[in-house]
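Novice: A single structure is presented below for examination.
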Amino acid sequence: MAKRKRFTPEFKAELVLEVLSGATSQAEVCRRHNLNENQLSEWKRQLVENAASLFESTDKRSSDDEKRIAHLEQLVGRMAVALDIQKKLLTELDLP
């Protein structure tokens with residue numbers, strides 16, 4: 001049984017951009033690299049569908065990060081309070 005070929009994201013992007021730019025036909029690229037045309041079509045579809053994410057605002061991502069940081073800070077605060085309570089209880093129980 002033959003091993004499946006693994007292609008890097010850079011290689012896939014290079015081939016798709018070559019076809020989309022019109023420099024070479026899809027059939028020619030597939031022949032040159034011994035690819036199935038369906039595979040190259042799938043890579044093209046993925047590139048087109050995900051292209052918009054390259055232009056997403058970084059504000060949205062940083063806002064999500066800030067929310068997560070605030071949540072984690074609250075958890076740390078609660079844990080610190082719980083630890084202080086436990087320390088006080090232990091010191092009180094150690095009294096003779």
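Chain labels follow the order of the structure tokens: the first chain is A, the next B, and so on; residue numbering restarts at 1 in every chain, and ligands are counted from 1 in their shown order.
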Skip segment 34-50 of chain A itself and residues of its chain fewer than 3 positions away, then list as a list in words all residues within 10 Å of it, counting only C-alpha atoms.

Specialist: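 Near neighbours after the sequence-gap exclusion: Lys5, Pro9, Lys12, Ala13, Leu15, Val16, Leu17, Val19, Leu20, Gln26, Ala27, Glu28, Val29, Cys30, Arg31, Ser53, Leu54 and Phe55 of chain A.
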
Novice: DSSP on the backbone, alpha helix (DSSP H) only: what residues of chain A does that give? Format it as a PyMOL selection string.

Specialist: chain A and resi 9-20+26-33+37-50+58-93

Novice: Could you please determine the separation between atom CA of Glu92 of chain A and atom CA of Met79 of chain A in Å, to one decimal place?

Specialist: 20.1 Å

Novice: Calculate how many Å separate atom CA of Leu89 of chain A from atom CA of Gly77 of chain A, rounding to one decimal.

Specialist: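 Result for atom CA of Leu89 of chain A versus atom CA of Gly77 of chain A: 18.6 Å, one decimal.
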
Novice: Just give me the gap between atom CA of Leu83 of chain A and atom CA of Asp64 of chain A in Å, one decimal is fine.

Specialist: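 Between atom CA of Leu83 of chain A and atom CA of Asp64 of chain A the gap works out to 28.8 Å.
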